[in-house]
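Shown next: run.pdb, containing PDB, C-alpha atoms, pLDDT in the B column.
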MODEL        1
ATOM      1  CA  MET A 552      -2.654 -21.460  -3.169  1.00 83.00           C
ATOM      2  CA  LYS A 553      -1.631 -17.808  -3.421  1.00 88.00           C
ATOM      3  CA  ARG A 554       2.063 -16.945  -3.409  1.00 91.00           C
ATOM      4  CA  THR A 555       4.142 -13.860  -4.146  1.00 90.00           C
ATOM      5  CA  ILE A 556       7.373 -13.469  -6.088  1.00 92.00           C
ATOM      6  CA  VAL A 557       9.556 -10.484  -7.005  1.00 89.00           C
ATOM      7  CA  LEU A 558      10.214 -10.245 -10.742  1.00 87.00           C
ATOM      8  CA  CYS A 559      12.442  -7.399 -11.934  1.00 83.00           C
ATOM      9  CA  ASN A 560      11.977  -5.471  -8.661  1.00 75.00           C
ATOM     10  CA  ARG A 561       8.226  -5.939  -8.898  1.00 80.00           C
ATOM     11  CA  GLU A 562       6.114  -8.003  -6.492  1.00 84.00           C
ATOM     12  CA  ILE A 563       3.693 -10.307  -8.278  1.00 86.00           C
ATOM     13  CA  THR A 564       1.001 -12.496  -6.713  1.00 91.00           C
ATOM     14  CA  TYR A 565       0.356 -15.772  -8.468  1.00 93.00           C
ATOM     15  CA  GLU A 566      -1.967 -18.725  -7.911  1.00 92.00           C
ATOM     16  CA  LEU A 567      -0.194 -22.104  -7.685  1.00 92.00           C
ATOM     17  CA  ASN A 568      -2.280 -25.097  -8.703  1.00 92.00           C
ATOM     18  CA  ARG A 569      -1.003 -28.637  -8.246  1.00 90.00           C
ATOM     19  CA  LYS A 570      -2.232 -30.789 -11.128  1.00 87.00           C
ATOM     20  CA  ARG A 571      -1.325 -33.978 -12.943  1.00 85.00           C
ATOM     21  CA  VAL A 572       0.443 -32.170 -15.744  1.00 84.00           C
ATOM     22  CA  LYS A 573       3.665 -33.049 -17.529  1.00 83.00           C
ATOM     23  CA  ASN A 574       4.938 -29.520 -17.997  1.00 85.00           C
ATOM     24  CA  LEU A 575       5.039 -26.445 -15.819  1.00 89.00           C
ATOM     25  CA  ASN A 576       2.467 -23.987 -17.212  1.00 91.00           C
ATOM     26  CA  ILE A 577       2.178 -20.241 -16.631  1.00 93.00           C
ATOM     27  CA  ARG A 578      -1.037 -18.510 -17.664  1.00 92.00           C
ATOM     28  CA  ILE A 579      -1.725 -14.778 -17.643  1.00 91.00           C
ATOM     29  CA  ARG A 580      -5.487 -14.241 -17.491  1.00 87.00           C
ATOM     30  CA  THR A 581      -7.216 -11.383 -19.292  1.00 79.00           C
ATOM     31  CA  ASP A 582      -7.678  -9.586 -15.956  1.00 78.00           C
ATOM     32  CA  GLY A 583      -3.889  -9.564 -15.452  1.00 81.00           C
ATOM     33  CA  SER A 584      -3.812 -12.277 -12.773  1.00 88.00           C
ATOM     34  CA  VAL A 585      -1.199 -15.042 -12.932  1.00 92.00           C
ATOM     35  CA  SER A 586      -1.886 -18.765 -12.642  1.00 92.00           C
ATOM     36  CA  VAL A 587       0.783 -21.485 -12.451  1.00 93.00           C
ATOM     37  CA  SER A 588       0.070 -25.200 -12.880  1.00 92.00           C
ATOM     38  CA  ALA A 589       2.663 -27.786 -11.898  1.00 90.00           C
ATOM     39  CA  ASN A 590       3.006 -31.408 -10.871  1.00 89.00           C
ATOM     40  CA  SER A 591       3.342 -32.016  -7.133  1.00 88.00           C
ATOM     41  CA  ARG A 592       6.884 -33.311  -7.740  1.00 89.00           C
ATOM     42  CA  VAL A 593       8.043 -29.886  -8.913  1.00 90.00           C
ATOM     43  CA  SER A 594       9.303 -27.794  -5.997  1.00 92.00           C
ATOM     44  CA  VAL A 595       8.358 -24.169  -5.425  1.00 92.00           C
ATOM     45  CA  LYS A 596      12.041 -23.289  -5.848  1.00 92.00           C
ATOM     46  CA  GLU A 597      12.045 -24.815  -9.334  1.00 92.00           C
ATOM     47  CA  ILE A 598       8.778 -23.101 -10.221  1.00 93.00           C
ATOM     48  CA  GLU A 599      10.001 -19.673  -9.175  1.00 92.00           C
ATOM     49  CA  ARG A 600      13.352 -20.172 -10.883  1.00 92.00           C
ATOM     50  CA  PHE A 601      11.439 -20.825 -14.101  1.00 92.00           C
ATOM     51  CA  MET A 602       9.290 -17.734 -13.488  1.00 93.00           C
ATOM     52  CA  GLN A 603      12.440 -15.633 -13.064  1.00 92.00           C
ATOM     53  CA  GLU A 604      13.647 -16.869 -16.443  1.00 91.00           C
ATOM     54  CA  LYS A 605      10.326 -15.825 -17.997  1.00 89.00           C
ATOM     55  CA  ALA A 606      10.023 -12.601 -15.972  1.00 89.00           C
ATOM     56  CA  GLU A 607      10.011 -10.201 -18.911  1.00 87.00           C
ATOM     57  CA  CYS A 608       7.357 -12.167 -20.802  1.00 88.00           C
ATOM     58  CA  ILE A 609       5.181 -12.460 -17.688  1.00 91.00           C
ATOM     59  CA  LEU A 610       5.348  -8.742 -16.882  1.00 87.00           C
ATOM     60  CA  ASN A 611       4.729  -7.704 -20.478  1.00 84.00           C
ATOM     61  CA  ALA A 612       1.638  -9.936 -20.639  1.00 85.00           C
ATOM     62  CA  ILE A 613       0.289  -8.527 -17.365  1.00 84.00           C
ATOM     63  CA  ASP A 614       0.792  -4.966 -18.615  1.00 78.00           C
ATOM     64  CA  LYS A 615      -0.859  -5.785 -21.933  1.00 75.00           C
ATOM     65  CA  TYR A 616      -4.059  -7.138 -20.408  1.00 75.00           C
ATOM     66  CA  THR A 617      -4.389  -4.543 -17.645  1.00 69.00           C
ATOM     67  CA  LEU A 618      -3.824  -1.753 -20.179  1.00 64.00           C
ATOM     68  CA  GLN A 619      -6.555  -3.148 -22.437  1.00 64.00           C
ATOM     69  CA  LYS A 620      -8.937  -3.286 -19.493  1.00 62.00           C
ATOM     70  CA  ALA A 621      -8.177   0.314 -18.525  1.00 58.00           C
ATOM     71  CA  LYS A 622      -8.693   1.593 -22.065  1.00 55.00           C
ATOM     72  CA  GLU A 623     -12.190   0.120 -22.090  1.00 53.00           C
ATOM     73  CA  LYS A 624     -13.193   2.661 -19.434  1.00 69.00           C
ATOM     74  CA  ILE A 625     -12.399   5.634 -21.703  1.00 77.00           C
ATOM     75  CA  THR A 626     -14.937   6.261 -24.453  1.00 83.00           C
ATOM     76  CA  PHE A 627     -13.043   9.089 -26.219  1.00 88.00           C
ATOM     77  CA  THR A 628     -16.131  11.196 -26.793  1.00 90.00           C
ATOM     78  CA  SER A 629     -16.544  14.973 -26.537  1.00 93.00           C
ATOM     79  CA  GLY A 630     -17.397  16.131 -23.031  1.00 92.00           C
ATOM     80  CA  GLU A 631     -15.623  13.263 -21.298  1.00 92.00           C
ATOM     81  CA  LYS A 632     -13.554  14.206 -18.247  1.00 89.00           C
ATOM     82  CA  LEU A 633      -9.859  13.334 -18.093  1.00 89.00           C
ATOM     83  CA  THR A 634      -7.448  13.845 -15.204  1.00 88.00           C
ATOM     84  CA  LEU A 635      -3.838  14.816 -15.856  1.00 93.00           C
ATOM     85  CA  LEU A 636      -1.413  15.492 -13.008  1.00 93.00           C
ATOM     86  CA  GLY A 637      -4.296  15.975 -10.610  1.00 87.00           C
ATOM     87  CA  THR A 638      -6.126  18.494 -12.809  1.00 91.00           C
ATOM     88  CA  SER A 639      -9.460  17.792 -14.507  1.00 90.00           C
ATOM     89  CA  TYR A 640      -9.772  18.447 -18.244  1.00 93.00           C
ATOM     90  CA  THR A 641     -12.657  18.213 -20.684  1.00 95.00           C
ATOM     91  CA  LEU A 642     -12.067  16.235 -23.862  1.00 96.00           C
ATOM     92  CA  HIS A 643     -13.189  17.778 -27.145  1.00 96.00           C
ATOM     93  CA  ILE A 644     -13.128  15.841 -30.413  1.00 97.00           C
ATOM     94  CA  THR A 645     -13.133  17.851 -33.622  1.00 97.00           C
ATOM     95  CA  LYS A 646     -12.734  17.336 -37.356  1.00 96.00           C
ATOM     96  CA  ALA A 647      -9.312  18.392 -38.692  1.00 96.00           C
ATOM     97  CA  ASP A 648      -7.215  18.088 -41.823  1.00 96.00           C
ATOM     98  CA  LYS A 649      -4.277  16.885 -39.717  1.00 96.00           C
ATOM     99  CA  ASN A 650      -4.313  14.752 -36.570  1.00 97.00           C
ATOM    100  CA  SER A 651      -3.239  16.788 -33.549  1.00 96.00           C
ATOM    101  CA  VAL A 652      -3.840  17.452 -29.844  1.00 97.00           C
ATOM    102  CA  THR A 653      -3.866  20.817 -28.084  1.00 96.00           C
ATOM    103  CA  GLU A 654      -4.599  21.882 -24.506  1.00 95.00           C
ATOM    104  CA  ASN A 655      -6.028  25.270 -23.607  1.00 93.00           C
ATOM    105  CA  GLY A 656      -8.094  26.555 -20.710  1.00 91.00           C
ATOM    106  CA  GLY A 657      -8.838  23.148 -19.250  1.00 93.00           C
ATOM    107  CA  ILE A 658      -9.901  21.685 -22.595  1.00 96.00           C
ATOM    108  CA  ILE A 659      -7.953  19.004 -24.463  1.00 97.00           C
ATOM    109  CA  THR A 660      -8.864  19.143 -28.125  1.00 97.00           C
ATOM    110  CA  VAL A 661      -8.152  16.120 -30.284  1.00 97.00           C
ATOM    111  CA  GLY A 662      -8.364  16.980 -33.956  1.00 97.00           C
ATOM    112  CA  VAL A 663      -8.660  13.982 -36.276  1.00 97.00           C
ATOM    113  CA  THR A 664      -9.463  13.361 -39.920  1.00 96.00           C
ATOM    114  CA  ASP A 665     -12.269  10.970 -38.950  1.00 96.00           C
ATOM    115  CA  THR A 666     -14.226  11.791 -35.783  1.00 94.00           C
ATOM    116  CA  GLU A 667     -16.120   8.484 -35.959  1.00 93.00           C
ATOM    117  CA  ASN A 668     -12.920   6.447 -35.773  1.00 95.00           C
ATOM    118  CA  LYS A 669     -12.454   5.748 -32.047  1.00 92.00           C
ATOM    119  CA  ALA A 670      -9.253   3.796 -32.645  1.00 93.00           C
ATOM    120  CA  LEU A 671      -7.747   6.784 -34.457  1.00 96.00           C
ATOM    121  CA  ILE A 672      -8.766   9.201 -31.707  1.00 95.00           C
ATOM    122  CA  GLN A 673      -7.260   6.886 -29.096  1.00 93.00           C
ATOM    123  CA  LYS A 674      -4.034   6.539 -31.085  1.00 95.00           C
ATOM    124  CA  VAL A 675      -3.617  10.288 -31.605  1.00 97.00           C
ATOM    125  CA  TYR A 676      -4.362  11.081 -27.962  1.00 96.00           C
ATOM    126  CA  GLY A 677      -2.124   8.239 -26.758  1.00 94.00           C
ATOM    127  CA  LYS A 678       0.819   9.499 -28.812  1.00 96.00           C
ATOM    128  CA  TRP A 679       0.376  13.023 -27.463  1.00 97.00           C
ATOM    129  CA  LEU A 680       0.087  11.769 -23.873  1.00 97.00           C
ATOM    130  CA  LYS A 681       3.278   9.730 -24.234  1.00 97.00           C
ATOM    131  CA  GLU A 682       5.132  12.794 -25.550  1.00 97.00           C
ATOM    132  CA  GLN A 683       3.882  14.863 -22.594  1.00 97.00           C
ATOM    133  CA  CYS A 684       4.928  12.143 -20.176  1.00 97.00           C
ATOM    134  CA  LEU A 685       8.427  11.813 -21.655  1.00 98.00           C
ATOM    135  CA  ALA A 686       8.995  15.557 -21.434  1.00 98.00           C
ATOM    136  CA  LEU A 687       7.781  15.678 -17.823  1.00 98.00           C
ATOM    137  CA  MET A 688       9.690  12.641 -16.586  1.00 98.00           C
ATOM    138  CA  THR A 689      12.891  13.789 -18.294  1.00 98.00           C
ATOM    139  CA  LYS A 690      12.559  17.139 -16.533  1.00 98.00           C
ATOM    140  CA  LEU A 691      11.915  15.522 -13.124  1.00 98.00           C
ATOM    141  CA  CYS A 692      14.769  13.055 -13.593  1.00 98.00           C
ATOM    142  CA  ARG A 693      17.164  15.857 -14.501  1.00 98.00           C
ATOM    143  CA  LYS A 694      16.179  17.669 -11.296  1.00 96.00           C
ATOM    144  CA  ALA A 695      16.723  14.575  -9.122  1.00 97.00           C
ATOM    145  CA  TYR A 696      20.025  13.787 -10.846  1.00 97.00           C
ATOM    146  CA  ASP A 697      21.422  17.306 -10.495  1.00 96.00           C
ATOM    147  CA  GLU A 698      20.288  17.642  -6.873  1.00 95.00           C
ATOM    148  CA  TYR A 699      21.463  14.314  -5.519  1.00 95.00           C
ATOM    149  CA  PHE A 700      21.930  11.232  -7.667  1.00 96.00           C
ATOM    150  CA  TYR A 701      24.806  12.543  -9.798  1.00 95.00           C
ATOM    151  CA  ARG A 702      26.999  11.349  -6.934  1.00 92.00           C
ATOM    152  CA  TYR A 703      26.104   7.723  -7.622  1.00 91.00           C
ATOM    153  CA  VAL A 704      25.033   7.568 -11.270  1.00 92.00           C
ATOM    154  CA  GLY A 705      27.926   8.126 -13.649  1.00 87.00           C
ATOM    155  CA  SER A 706      25.975   9.878 -16.388  1.00 94.00           C
ATOM    156  CA  PHE A 707      22.420  11.068 -16.778  1.00 97.00           C
ATOM    157  CA  PRO A 708      20.354   7.977 -17.633  1.00 97.00           C
ATOM    158  CA  ILE A 709      18.349   7.286 -20.756  1.00 97.00           C
ATOM    159  CA  ILE A 710      14.710   8.138 -19.996  1.00 98.00           C
ATOM    160  CA  LYS A 711      11.903   6.139 -21.586  1.00 97.00           C
ATOM    161  CA  VAL A 712       8.133   5.968 -21.147  1.00 97.00           C
ATOM    162  CA  LYS A 713       5.750   3.178 -22.079  1.00 94.00           C
ATOM    163  CA  ASN A 714       2.270   1.897 -21.347  1.00 90.00           C
ATOM    164  CA  MET A 715       2.578  -0.073 -18.108  1.00 83.00           C
ATOM    165  CA  ARG A 716      -0.521  -0.711 -16.044  1.00 74.00           C
ATOM    166  CA  SER A 717       0.790  -2.734 -13.122  1.00 74.00           C
ATOM    167  CA  ARG A 718       3.987  -0.849 -12.339  1.00 86.00           C
ATOM    168  CA  TRP A 719       5.004   2.795 -12.216  1.00 93.00           C
ATOM    169  CA  GLY A 720       8.585   2.513 -13.353  1.00 94.00           C
ATOM    170  CA  SER A 721      11.661   0.363 -13.757  1.00 93.00           C
ATOM    171  CA  CYS A 722      15.422   0.769 -13.522  1.00 94.00           C
ATOM    172  CA  ILE A 723      18.080  -1.129 -15.483  1.00 93.00           C
ATOM    173  CA  PRO A 724      21.421  -0.017 -13.966  1.00 94.00           C
ATOM    174  CA  SER A 725      23.490  -2.125 -16.380  1.00 93.00           C
ATOM    175  CA  LYS A 726      22.064  -0.174 -19.335  1.00 95.00           C
ATOM    176  CA  ASN A 727      21.644   3.137 -17.484  1.00 95.00           C
ATOM    177  CA  ILE A 728      17.937   3.230 -18.365  1.00 96.00           C
ATOM    178  CA  LEU A 729      14.941   4.491 -16.402  1.00 97.00           C
ATOM    179  CA  THR A 730      11.483   3.671 -17.766  1.00 96.00           C
ATOM    180  CA  PHE A 731       8.242   5.188 -16.509  1.00 97.00           C
ATOM    181  CA  SER A 732       4.579   4.378 -16.977  1.00 95.00           C
ATOM    182  CA  VAL A 733       2.532   6.828 -19.037  1.00 96.00           C
ATOM    183  CA  ARG A 734      -0.162   6.239 -16.414  1.00 93.00           C
ATOM    184  CA  LEU A 735       1.802   8.580 -14.128  1.00 95.00           C
ATOM    185  CA  MET A 736       0.140  11.412 -16.050  1.00 95.00           C
ATOM    186  CA  GLU A 737      -3.039  10.454 -14.182  1.00 90.00           C
ATOM    187  CA  ARG A 738      -1.370  11.144 -10.823  1.00 92.00           C
ATOM    188  CA  THR A 739      -0.212  14.340  -9.121  1.00 93.00           C
ATOM    189  CA  LEU A 740       3.253  15.855  -9.535  1.00 95.00           C
ATOM    190  CA  PRO A 741       4.422  14.827  -6.013  1.00 95.00           C
ATOM    191  CA  ALA A 742       3.514  11.219  -6.844  1.00 95.00           C
ATOM    192  CA  CYS A 743       5.611  11.446 -10.023  1.00 97.00           C
ATOM    193  CA  LEU A 744       8.512  12.846  -8.006  1.00 97.00           C
ATOM    194  CA  TYR A 745       8.298   9.846  -5.685  1.00 97.00           C
ATOM    195  CA  VAL A 746       8.536   7.360  -8.556  1.00 97.00           C
ATOM    196  CA  VAL A 747      11.546   9.203  -9.965  1.00 98.00           C
ATOM    197  CA  ALA A 748      13.331   9.090  -6.610  1.00 97.00           C
ATOM    198  CA  HIS A 749      12.355   5.442  -6.102  1.00 97.00           C
ATOM    199  CA  GLU A 750      13.735   4.327  -9.468  1.00 97.00           C
ATOM    200  CA  PHE A 751      16.930   6.371  -9.105  1.00 97.00           C
ATOM    201  CA  THR A 752      17.549   4.674  -5.753  1.00 97.00           C
ATOM    202  CA  HIS A 753      17.586   1.327  -7.561  1.00 95.00           C
ATOM    203  CA  PHE A 754      20.913   2.371  -9.066  1.00 95.00           C
ATOM    204  CA  LEU A 755      22.263   1.949  -5.522  1.00 94.00           C
ATOM    205  CA  HIS A 756      20.144  -0.976  -4.297  1.00 93.00           C
ATOM    206  CA  ALA A 757      18.510  -3.468  -6.650  1.00 89.00           C
ATOM    207  CA  ASP A 758      16.052  -4.790  -4.049  1.00 89.00           C
ATOM    208  CA  HIS A 759      13.643  -3.151  -1.604  1.00 90.00           C
ATOM    209  CA  SER A 760      15.777  -3.795   1.458  1.00 91.00           C
ATOM    210  CA  ALA A 761      16.047  -1.602   4.545  1.00 93.00           C
ATOM    211  CA  ASP A 762      19.162  -0.028   3.000  1.00 95.00           C
ATOM    212  CA  PHE A 763      17.120   0.898  -0.080  1.00 94.00           C
ATOM    213  CA  TYR A 764      14.581   2.843   1.972  1.00 94.00           C
ATOM    214  CA  LYS A 765      17.289   4.466   4.113  1.00 95.00           C
ATOM    215  CA  GLU A 766      18.904   5.796   0.947  1.00 94.00           C
ATOM    216  CA  LEU A 767      15.568   6.924  -0.485  1.00 96.00           C
ATOM    217  CA  GLU A 768      14.786   8.786   2.725  1.00 96.00           C
ATOM    218  CA  LYS A 769      18.049  10.733   2.514  1.00 95.00           C
ATOM    219  CA  TYR A 770      16.858  12.369  -0.682  1.00 96.00           C
ATOM    220  CA  MET A 771      13.122  12.340  -0.006  1.00 96.00           C
ATOM    221  CA  PRO A 772      12.262  12.332   3.732  1.00 96.00           C
ATOM    222  CA  ASP A 773       8.517  12.432   2.962  1.00 95.00           C
ATOM    223  CA  HIS A 774       8.593   9.551   0.472  1.00 95.00           C
ATOM    224  CA  LYS A 775       5.873   7.627   2.328  1.00 93.00           C
ATOM    225  CA  GLN A 776       3.412  10.491   1.995  1.00 93.00           C
ATOM    226  CA  LYS A 777       4.211  10.942  -1.689  1.00 93.00           C
ATOM    227  CA  LYS A 778       3.928   7.204  -2.323  1.00 91.00           C
ATOM    228  CA  ALA A 779       0.440   7.205  -0.812  1.00 89.00           C
ATOM    229  CA  LEU A 780      -0.670   9.573  -3.571  1.00 88.00           C
ATOM    230  CA  LEU A 781      -0.143   6.815  -6.141  1.00 85.00           C
ATOM    231  CA  LYS A 782      -3.079   4.886  -4.668  1.00 76.00           C
ATOM    232  CA  ASN A 783      -5.608   7.673  -5.162  1.00 61.00           C
TER     233      ASN A 783
ENDMDL
END
Translate the structure described by the file into structure tokens.
Amino acid sequence: MKRTIVLCNREITYELNRKRVKNLNIRIRTDGSVSVSANSRVSVKEIERFMQEKAECILNAIDKYTLQKAKEKITFTSGEKLTLLGTSYTLHITKADKNSVTENGGIITVGVTDTENKALIQKVYGKWLKEQCLALMTKLCRKAYDEYFYRYVGSFPIIKVKNMRSRWGSCIPSKNILTFSVRLMERTLPACLYVVAHEFTHFLHADHSADFYKELEKYMPDHKQKKALLKN
């Protein structure tokens, strides 16, 4: 039986299987799907309370597996096409004395000490991409804060980026932290702006209630159109 639950402001679908088991078991499959096994005597309320307690572990496991699956699609070879912020780039791998990444004229050049080491190329490129993402999201967050959200957020939040495959961002009001997925670099700038506005609005409303979307619309009237760009 398929059910949905909201964990840390994120809707997750899980498969509930009733079995003759002693303990409640949560399994994250390698494709990122979630399976829960429980005795028929255990209520759904108890199951979902337990899932809330394990929310961080569940979400981290989902992100881990979905990220691994996505990385398998990229071969990290010269001539491969990459898309950053809606623009197509050509990847070029070259031998270098020092690991580095540069972008010029639509070409992203990854210089590494060992061009046969795919793991090294991936690591060097991944580090560069994360740095680019942090710089961009910090800039966009500063814009949103200065234009509107300074009224509600006491001080400019701590901005972080990480590899998240099944969510675009997260907000922790108690710690004044906004975290964004590096995968946003694959989307267009308007889509990134939407995620920034969405996460900032969580400082005012923790859930996705009607009040949440009313507040979001005050700052970004076209949020629905921008959100749609995330699906492309």
Atomic separation - CA of Trp719 (chain A) relative to CA of Leu575 (chain A), Å: 29.5 Å
Distance query Ser651 (chain A) at most 9 Å, only C-alpha atoms, self and fewer than 2 positions along chain excluded, as a list in words: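 Neighbouring residues, sequence-local ones excluded: Ala647, Lys649, Thr653, Thr660, Val661, Gly662, Val663, Val675, Tyr676 and Trp679 of chain A.
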Can you list what the PyMOL selection byres ((chain A and resi 768-783) around 12) grabs from this structure, as a VMD selection string? chain A and resid 634 636 to 637 694 to 700 702 717 to 719 734 to 749 751 to 752 761 to 767
When you count all atoms listed in the file, which of these residues is closest to Tyr616 (chain A): A:Asn574, A:Asn714, A:Asn727, A:Asn668?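 The answer is A:Asn714, which sits nearest to Tyr616 (chain A).
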Neighbouring residues of Lys646 (chain A) were defined as those with any atom within 8 Å, considering only C-alpha atoms; residues of the same chain fewer than 2 positions away were excluded. Please report them as a ChimeraX atom specification. /A:644,648,662-666
What would the selection look like, as a list in words, if the PyMOL selection byres ((chain A and resi 757) around 10) were run on the coordinates I just shared?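 Checked against the file, the PyMOL selection byres ((chain A and resi 757) around 10) matches Cys559, Asn560, Cys722, Ile723, Pro724, Glu750, Thr752, His753, Phe754, Leu755, His756, Asp758, His759, Ser760 and Phe763 of chain A.
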Name the residues that the PyMOL selection byres ((chain A and resi 566) around 12) picks from the file above, as a list in words, using the file's chain letters and numbers.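 Selection result, ordered by chain and number: Met552, Lys553, Arg554, Thr555, Ile556, Ile563, Thr564, Tyr565, Leu567, Asn568, Arg569, Asn576, Ile577, Arg578, Ile579, Arg580, Ser584, Val585, Ser586, Val587, Ser588, Ala589, Val595 and Ile598 of chain A.
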Give me, please, the distance in Å between CA of Gln603 (chain A) and CA of Gly583 (chain A), quoted to one decimal. 17.6 Å
Measure the distance from CA of Leu635 (chain A) to CA of Ala612 (chain A) in Å and round it to one decimal.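 Computed distance, CA of Leu635 (chain A) to CA of Ala612 (chain A), equals 25.8 Å.
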The residue from A:Leu680, A:Ile609, A:Leu558, A:Ile625 with the smallest atom-to-atom distance to Val652 (chain A), counting only C-alpha atoms, is A:Leu680
For Thr628 (chain A), find every residue with an atom within 9 Å (counting all atoms listed in the file), except residues of its own chain fewer than 6 positions away, and show them as a PyMOL selection string. chain A and resi 642-644+669
Pick from A:Val557, A:Val733, A:Leu685, A:Leu691: nearest to Ile710 (chain A), with all atoms listed in the file counted?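 Checking each candidate against Ile710 (chain A), we get A:Leu685 as the closest.
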Considering only C-alpha atoms, can you say which of A:Thr626, A:Gln683, A:Thr641, A:Ser594 comes closest to Ser732 (chain A)? A:Gln683
